[in-house]
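Enquirer: Sending over target36.txt (compact mmCIF, C-alpha atoms).
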```txt
# COMPACT_ATOMS: atom_id res chain seq x y z
CA MET A 1 2.23 11.43 -17.62
CA LYS A 2 4.61 8.46 -17.29
CA MET A 3 3.46 5.53 -15.18
CA LYS A 4 5.03 5.49 -11.72
CA LEU A 5 6.34 2.13 -10.50
CA MET A 6 6.57 1.76 -6.71
CA GLN A 7 8.19 -1.04 -4.71
CA PHE A 8 7.23 -1.90 -1.13
CA ILE A 9 9.40 -4.43 0.67
CA GLY A 10 9.32 -5.89 4.18
CA THR A 11 7.92 -8.98 5.91
CA ARG A 12 5.36 -7.01 7.90
CA ASN A 13 1.80 -7.35 6.55
CA LYS A 14 1.56 -4.17 4.46
CA THR A 15 -1.78 -4.79 2.77
CA ASP A 16 -3.92 -2.23 4.59
CA PHE A 17 -1.28 0.49 4.28
CA VAL A 18 -0.79 -0.11 0.53
CA ILE A 19 -4.56 -0.15 -0.06
CA TYR A 20 -5.07 3.10 1.88
CA LEU A 21 -2.25 4.73 -0.09
CA SER A 22 -3.80 3.47 -3.34
CA HIS A 23 -7.15 4.90 -2.30
CA VAL A 24 -5.61 8.37 -1.85
CA LEU A 25 -4.09 8.08 -5.33
CA THR A 26 -7.45 7.18 -6.88
CA GLN A 27 -8.94 10.34 -5.36
CA LEU A 28 -6.42 12.26 -7.47
CA ASP A 29 -7.92 10.51 -10.52
CA LYS A 30 -5.00 8.11 -10.79
CA ARG A 31 -5.61 4.60 -12.09
CA VAL A 32 -3.89 2.29 -9.62
CA LEU A 33 -2.72 -1.33 -9.73
CA ILE A 34 -1.49 -3.31 -6.70
CA VAL A 35 0.57 -6.42 -7.47
CA ASP A 36 0.53 -9.11 -4.77
CA ASN A 37 4.00 -10.66 -4.75
CA THR A 38 3.85 -11.72 -1.10
CA ARG A 39 4.70 -15.24 0.06
CA ASN A 40 1.32 -15.76 1.76
CA GLU A 41 -0.60 -13.91 -0.97
CA TRP A 42 -2.10 -11.56 1.63
CA TYR A 43 -4.20 -9.64 -0.88
CA ARG A 44 -5.52 -12.71 -2.67
CA HIS A 45 -6.67 -14.45 0.51
CA GLY A 46 -7.70 -11.35 2.46
CA TYR A 47 -9.35 -9.06 -0.08
CA VAL A 48 -9.92 -10.67 -3.46
CA ARG A 49 -13.14 -12.48 -4.43
CA GLU A 50 -11.81 -14.92 -6.99
CA GLY A 51 -13.69 -15.73 -10.18
CA GLY A 52 -12.50 -18.59 -12.37
CA GLN A 53 -9.13 -17.99 -14.04
CA GLN A 54 -9.28 -14.24 -13.47
CA ARG A 55 -6.28 -12.91 -11.54
CA LEU A 56 -7.16 -9.22 -11.78
CA PHE A 57 -9.69 -7.93 -9.27
CA ASP A 58 -11.30 -4.51 -8.75
CA PHE A 59 -11.29 -3.54 -5.07
CA GLN A 60 -13.30 -0.31 -4.71
CA GLY A 61 -11.61 1.39 -7.64
CA VAL A 62 -8.15 -0.16 -7.05
CA ASP A 63 -7.07 -3.09 -9.24
CA ILE A 64 -5.32 -5.99 -7.49
CA LEU A 65 -3.30 -8.58 -9.43
CA TYR A 66 -2.05 -11.83 -7.89
CA GLY A 67 -0.36 -15.03 -9.02
CA THR A 68 2.75 -13.53 -10.63
CA ASN A 69 6.46 -13.77 -9.78
CA ASN A 70 8.18 -11.28 -12.08
CA TRP A 71 7.54 -8.36 -14.41
CA LEU A 72 7.02 -10.50 -17.52
CA GLU A 73 4.35 -12.53 -15.72
CA ILE A 74 2.67 -9.31 -14.59
CA GLU A 75 2.43 -8.07 -18.18
CA SER A 76 1.23 -11.47 -19.39
CA SER A 77 -1.51 -11.70 -16.74
CA LEU A 78 -2.65 -8.15 -17.46
CA GLN A 79 -2.88 -8.90 -21.18
CA GLN A 80 -5.06 -11.93 -20.46
CA SER A 81 -7.47 -9.51 -18.76
CA GLY A 82 -7.32 -7.03 -21.62
CA GLU A 83 -4.98 -4.68 -19.76
CA THR A 84 -1.35 -3.57 -19.81
CA SER A 85 0.82 -1.79 -17.27
CA ILE A 86 0.86 1.41 -19.34
CA ASN A 87 -2.91 1.72 -18.78
CA TYR A 88 -2.15 2.55 -15.12
CA ASP A 89 -0.86 5.79 -13.64
CA VAL A 90 0.66 4.01 -10.63
CA VAL A 91 1.71 0.37 -10.08
CA LEU A 92 2.52 -0.65 -6.49
CA ILE A 93 4.31 -3.97 -6.01
CA ASP A 94 4.33 -5.58 -2.55
CA MET A 95 7.29 -7.94 -2.02
CA ASP A 96 8.39 -9.89 1.05
CA THR A 97 10.74 -12.65 -0.14
CA THR A 98 14.31 -12.79 -1.40
CA GLU A 99 13.15 -15.10 -4.22
CA ILE A 100 10.92 -12.38 -5.67
CA LEU A 101 13.59 -9.70 -5.29
CA GLU A 102 16.03 -11.81 -7.30
CA GLN A 103 13.72 -11.84 -10.33
CA GLU A 104 14.01 -9.43 -13.27
CA TRP A 105 12.43 -6.06 -12.50
CA PRO A 106 12.40 -2.68 -14.22
CA VAL A 107 13.83 0.36 -12.43
CA PHE A 108 11.45 1.53 -9.72
CA ASP A 109 10.55 5.21 -9.44
CA GLU A 110 10.07 4.88 -5.68
CA ARG A 111 11.24 2.21 -3.24
CA PHE A 112 9.90 1.92 0.29
CA TYR A 113 10.94 -0.29 3.17
CA VAL A 114 7.88 -0.82 5.38
CA GLY A 115 8.75 -2.17 8.83
CA ASP A 116 7.98 -2.17 12.53
CA PHE A 117 9.72 -3.08 15.80
CA ASP A 118 8.79 -6.77 15.76
CA ARG A 119 12.19 -8.48 16.12
CA ALA A 120 11.24 -11.41 13.86
CA HIS A 121 10.29 -8.99 11.10
CA GLN A 122 13.46 -6.96 11.52
CA LEU A 123 15.77 -9.98 11.36
CA ARG A 124 14.08 -11.26 8.21
CA ASP A 125 14.02 -7.77 6.71
CA VAL A 126 17.79 -7.55 7.03
CA GLU A 127 18.09 -10.41 4.51
CA LEU A 128 15.56 -8.71 2.23
CA LEU A 129 17.49 -5.44 2.19
CA LYS A 130 20.81 -7.19 1.61
CA THR A 131 19.28 -9.01 -1.36
CA LEU A 132 17.72 -5.79 -2.65
CA PHE A 133 21.03 -3.94 -2.71
CA ARG A 134 22.88 -6.93 -4.14
CA THR A 135 20.45 -7.19 -7.06
CA SER A 136 20.06 -3.47 -7.84
CA GLU A 137 22.45 -0.64 -8.57
CA SER A 138 21.04 1.85 -6.08
CA ASN A 139 21.13 1.77 -2.27
CA GLU A 140 18.56 4.58 -1.96
CA LEU A 141 15.39 3.76 -0.06
CA LYS A 142 12.55 5.52 1.74
CA ARG A 143 11.43 4.21 5.10
CA ILE A 144 8.02 3.76 6.69
CA THR A 145 7.90 2.53 10.30
CA PHE A 146 4.83 1.40 12.23
CA GLU A 147 5.59 2.08 15.88
CA SER A 148 4.33 0.18 18.91
CA LYS A 149 3.33 1.25 22.40
CA TYR A 150 6.56 -0.36 23.56
CA LYS A 151 9.12 2.37 23.00
CA MET A 152 12.53 1.36 21.74
CA ASP A 153 15.50 2.95 20.05
CA ALA A 154 14.91 3.09 16.30
CA ALA A 155 18.69 2.78 15.85
CA TYR A 156 18.47 -0.90 16.85
CA PHE A 157 17.51 -1.85 13.31
CA GLU A 158 20.53 0.02 11.96
CA SER A 159 22.79 -1.93 14.32
CA ILE A 160 21.64 -5.32 12.98
CA LEU A 161 21.34 -4.20 9.35
CA LYS A 162 25.04 -3.41 8.87
CA VAL A 163 24.38 -2.28 5.31
CA ASP A 164 25.08 1.16 3.90
CA VAL A 165 21.59 2.47 3.14
CA ALA A 166 21.03 5.92 1.69
CA TRP A 167 17.72 6.61 3.42
CA ARG A 168 15.90 9.15 1.27
CA SER A 169 13.63 11.85 2.63
CA MET A 170 12.19 11.46 6.10
CA ASN A 171 11.25 8.33 8.03
CA TYR A 172 7.45 8.20 8.04
CA LEU A 173 6.54 7.12 11.58
CA PHE A 174 3.04 5.73 12.05
CA GLU A 175 1.89 5.82 15.66
CA PRO A 176 0.14 2.74 17.14
CA ASP A 177 -3.60 2.67 16.44
CA ASP A 178 -5.95 0.54 18.56
CA PHE A 179 -8.41 0.33 15.67
CA SER A 180 -6.03 -0.78 12.89
CA ASP A 181 -6.92 -4.48 13.14
CA GLU A 182 -10.64 -3.70 13.28
CA LEU A 183 -10.43 -1.53 10.15
CA ARG A 184 -8.38 -4.09 8.25
CA ILE A 185 -10.89 -6.87 9.01
CA HIS A 186 -13.75 -4.53 8.08
CA MET A 187 -12.03 -3.88 4.75
CA GLN A 188 -11.58 -7.60 4.09
CA HIS A 189 -15.15 -8.63 4.84
CA GLU A 190 -17.13 -5.56 3.75
CA GLN A 191 -15.09 -4.89 0.57
CA ASP A 192 -14.98 -1.27 1.63
CA ILE A 193 -11.99 1.01 2.30
CA PRO A 194 -12.72 2.77 5.64
CA TYR A 195 -10.42 5.71 4.94
CA ARG A 196 -12.59 8.21 6.83
CA ARG A 197 -12.16 6.17 10.03
CA LEU A 198 -8.36 6.39 10.00
CA ASN A 199 -6.84 8.62 12.65
CA LYS A 200 -5.71 12.11 11.69
CA GLN A 201 -1.99 11.30 11.85
CA TYR A 202 -2.35 8.31 9.51
CA LYS A 203 -4.22 10.43 6.95
CA GLU A 204 -1.65 13.21 7.17
CA LEU A 205 1.24 10.82 6.55
CA LEU A 206 -0.52 9.25 3.55
CA SER A 207 -1.08 12.74 2.14
CA GLU A 208 2.55 13.59 2.77
CA ILE A 209 3.77 10.53 0.88
CA VAL A 210 1.55 11.29 -2.11
CA SER A 211 2.48 14.97 -1.93
CA ALA A 212 6.17 14.08 -2.27
CA LEU A 213 5.42 11.60 -5.05
CA TYR A 214 3.65 14.16 -7.25
CA GLU A 215 5.24 17.36 -5.90
CA MET A 216 1.86 18.66 -4.80
CA HIS A 217 0.95 20.74 -1.78
CA ILE A 218 -0.16 18.48 1.09
CA LYS A 219 -3.39 20.45 1.51
CA ASP A 220 -4.30 19.82 -2.13
CA VAL A 221 -3.89 16.07 -1.59
CA SER A 222 -5.90 16.14 1.66
CA ASP A 223 -8.69 18.17 0.06
CA ALA A 224 -8.93 15.72 -2.84
CA VAL A 225 -9.61 12.83 -0.45
CA LYS A 226 -12.22 14.67 1.63
CA PRO A 227 -15.78 14.01 0.47
CA SER A 228 -17.50 17.22 -0.50
CA PHE A 229 -20.50 18.67 1.30
CA PHE A 230 -22.60 18.02 -1.81
CA SER A 231 -21.67 14.32 -1.86
CA PHE A 232 -22.84 14.04 1.75
CA ARG A 233 -26.15 15.74 0.85
CA SER A 234 -26.59 13.47 -2.18
CA LYS A 235 -25.93 10.37 -0.09
CA SER A 236 -28.31 11.63 2.60
CA LYS A 237 -31.06 12.14 0.02
CA GLN A 238 -30.52 8.61 -1.32
CA ILE A 239 -30.86 7.17 2.19
CA LYS A 240 -34.02 9.20 2.89
CA SER A 241 -35.47 8.12 -0.45
CA THR A 242 -34.78 4.46 0.29
CA VAL A 243 -36.40 4.80 3.73
CA LEU A 244 -39.50 6.47 2.26
CA GLU A 245 -39.84 3.81 -0.45
CA SER A 246 -39.63 0.99 2.09
CA THR A 247 -42.14 2.78 4.36
CA ASN A 248 -44.63 3.32 1.54
CA ALA A 249 -44.26 -0.29 0.47
```
Can you turn what I pasted into structure tokens?
Expert:
Amino acid sequence: MKMKLMQFIGTRNKTDFVIYLSHVLTQLDKRVLIVDNTRNEWYRHGYVREGGQQRLFDFQGVDILYGTNNWLEIESSLQQSGETSINYDVVLIDMDTTEILEQEWPVFDERFYVGDFDRAHQLRDVELLKTLFRTSESNELKRITFESKYKMDAAYFESILKVDVAWRSMNYLFEPDDFSDELRIHMQHEQDIPYRRLNKQYKELLSEIVSALYEMHIKDVSDAVKPSFFSFRSKSKQIKSTVLESTNA
């Protein structure tokens, strides 16, 4: 199956969302690469444990690449690590600057604008979207919005955007979650993706996005991510065994 190339743009910190989405894809036996093309290198500083000149890092089954500015540099860095983009089933590229958007890029299979209601983000995102449509032939885009407890009219962003966007599919609306910061920090420090601790709505929306991407039934995606009863029993036995060994010692 052809590699899928996905673009995520927006000045909001998207790292946890992109990693959770990547995790769902790995549960479908997809080999996934995240490319950190963010100004502040959110993935590099938040999640990666650097080692020498290596720019490719394995984060619980998801590869993360940083330190590149365009597609040629991505391929070059992968080759230095003995990889190539065609070895991956899905490549997700996180972008948040006009400078990166103006580089040479292949045609993306899926393009997502990830935003929220923070006014500073929205004003900066307007420039991103204008640059995106100026440098590409298509004005089609999918939208993901992280809501806040402060309710406001979603049409406000449209009023300041003033660009003809062909929003594809539905707008994925993520409700505010009091534990999102806690889970992100856990992920950064424990090197563990706490997918099971996400709220039900978040999991359902992730499954819906992947379902649309691969034209699968949502239940099939959800079932693939759920740990089986046997894996729980196996893990329980391992824990009991460890406890017994330490007790006998």
Enquirer: Would you please work out which residue, of A:Phe17, A:Phe57, A:Tyr66, A:Tyr202, is nearest to Asp36 (chain A) when using all atoms listed in the file?
Expert: A:Tyr66
Enquirer: A:Met95, A:Val32, A:Leu205, A:Val107: which is nearest Val221 (chain A), counting all atoms listed in the file?
Expert: A:Leu205
Enquirer: Please provide as a ChimeraX atom specification all residues within 12 Å of Asp164 (chain A), with the sequence filter that same-chain residues fewer than 6 positions apart are discarded (counting all atoms listed in the file).
Expert: /A:126,129-130,133-134,138-141,158
Enquirer: Could you pull the residues within 9 Å of Phe146 (chain A), counting all atoms listed in the file, minus those fewer than 2 positions along the same chain, as a PyMOL selection string?
Expert: chain A and resi 114-117+144+148+172-176
Enquirer: Please determine the residues with any atom at most 8 Å from (9.6, -2.0, 4.9) (coordinates as given in the file, with all atoms listed in the file counting) and report them as a list in words.
Expert: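 Nearby residues: Phe8, Ile9, Gly10, Thr11, Arg12, Phe112, Tyr113, Val114, Gly115, Asp116, Asp125, Arg143, Ile144 and Thr145 of chain A.
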Enquirer: So that I have them on file, write out the residues from the current selection with C-alpha atoms, as a PDB file, in the coordinates of the input.
Expert:
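Here's the written file result-v4.pdb:
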```
ATOM      1  CA  PHE A   8       7.230  -1.900  -1.130  1.00  0.00           C
ATOM      2  CA  ILE A   9       9.400  -4.430   0.670  1.00  0.00           C
ATOM      3  CA  GLY A  10       9.320  -5.890   4.180  1.00  0.00           C
ATOM      4  CA  THR A  11       7.920  -8.980   5.910  1.00  0.00           C
ATOM      5  CA  ARG A  12       5.360  -7.010   7.900  1.00  0.00           C
ATOM      6  CA  PHE A 112       9.900   1.920   0.290  1.00  0.00           C
ATOM      7  CA  TYR A 113      10.940  -0.290   3.170  1.00  0.00           C
ATOM      8  CA  VAL A 114       7.880  -0.820   5.380  1.00  0.00           C
ATOM      9  CA  GLY A 115       8.750  -2.170   8.830  1.00  0.00           C
ATOM     10  CA  ASP A 116       7.980  -2.170  12.530  1.00  0.00           C
ATOM     11  CA  ASP A 125      14.020  -7.770   6.710  1.00  0.00           C
ATOM     12  CA  ARG A 143      11.430   4.210   5.100  1.00  0.00           C
ATOM     13  CA  ILE A 144       8.020   3.760   6.690  1.00  0.00           C
ATOM     14  CA  THR A 145       7.900   2.530  10.300  1.00  0.00           C
TER      15      THR A 145
END
```
Enquirer: Where's the centre, and what are the edge lengths in Å to one decimal, of a box along x, y and z enclosing all listed atoms of region 207-225 of chain A padded 3 Å per side, as JSON?
Expert:
```
{"center_x": -1.7, "center_y": 15.6, "center_z": -2.2, "size_x": 21.8, "size_y": 16.2, "size_z": 16.0}
```
Enquirer: Applying 10 Å and only C-alpha atoms, which residues near Arg119 (chain A) remain after dropping the ones on its own chain fewer than 5 positions away? List them as a list in words.
Expert: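 With the cut-off at 10 Å, the set is Arg124, Asp125, Tyr156 and Phe157 of chain A.
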Enquirer: When distances are computed from all atoms listed in the file, which of A:Gln53, A:Gln60, A:Asn87, A:Thr97 shows the smallest separation from Glu41 (chain A)?
Expert: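 Using all atoms listed in the file, the shortest distance to Glu41 (chain A) belongs to A:Thr97.
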Enquirer: List the neighbours of Ile218 (chain A) out to 6 Å using all atoms listed in the file; skip same-chain residues closer than 2 positions along the sequence, and give me the result as a PyMOL selection string.
Expert: chain A and resi 207-208+211+220-221
Enquirer: As an exercise, work out the distance from CA of Arg111 (chain A) to CA of Asp29 (chain A) in Å and give it to one decimal place.
Expert: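 Interatomic distance here is 22.1 Å.
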Enquirer: Around (17.5, -10.8, -3.1) in the file's own coordinates, what residues are found within 6 Å if you use all atoms listed in the file, given back as a list in words?
Expert: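 Checking each residue against the 6 Å limit leaves Thr98, Leu101, Glu102, Thr131 and Leu132 of chain A.
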Enquirer: One decimal, in Å: what's the spacing between CA of Thr84 (chain A) and CA of Ile19 (chain A)?
Expert: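 If I compute the distance from CA of Thr84 (chain A) to CA of Ile19 (chain A), I get 20.3 Å.
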Enquirer: Just to confirm, what's the straight-line distance from CA of Gly82 (chain A) to CA of Thr26 (chain A) in Å (one decimal)?
Expert: 20.5 Å
Enquirer: Which is closest to Glu83 (chain A) among A:Asn13, A:Tyr214, A:Asp63, A:Asp96, if we use only C-alpha atoms?
Expert: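 Of all the options, A:Asp63 lies closest to Glu83 (chain A).
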Enquirer: Between A:His217, A:His45, A:His189, A:Lys226, which residue has the minimum interatomic distance to Lys203 (chain A), considering all atoms listed in the file?
Expert: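 Once distances to Lys203 (chain A) are computed over all atoms listed in the file, the minimum belongs to A:Lys226.
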Enquirer: Counting only C-alpha atoms, which residue out of A:Ser222, A:Gln201, A:Asn69, A:Ser22 sits closest to Trp105 (chain A)?
Expert: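 Closest to Trp105 (chain A) of all the choices is A:Asn69.
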Enquirer: I'd like the contact shell of His23 (chain A) - 9 Å cut-off, all atoms listed in the file, skipping same-chain residues fewer than 2 positions apart - returned as a list in words.
Expert: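 Once the nearby chain positions are removed, what remains is Val18, Ile19, Tyr20, Leu21, Leu25, Thr26, Gln27, Val32, Gln60, Gly61, Val62, Ile193, Tyr195 and Val225 of chain A.
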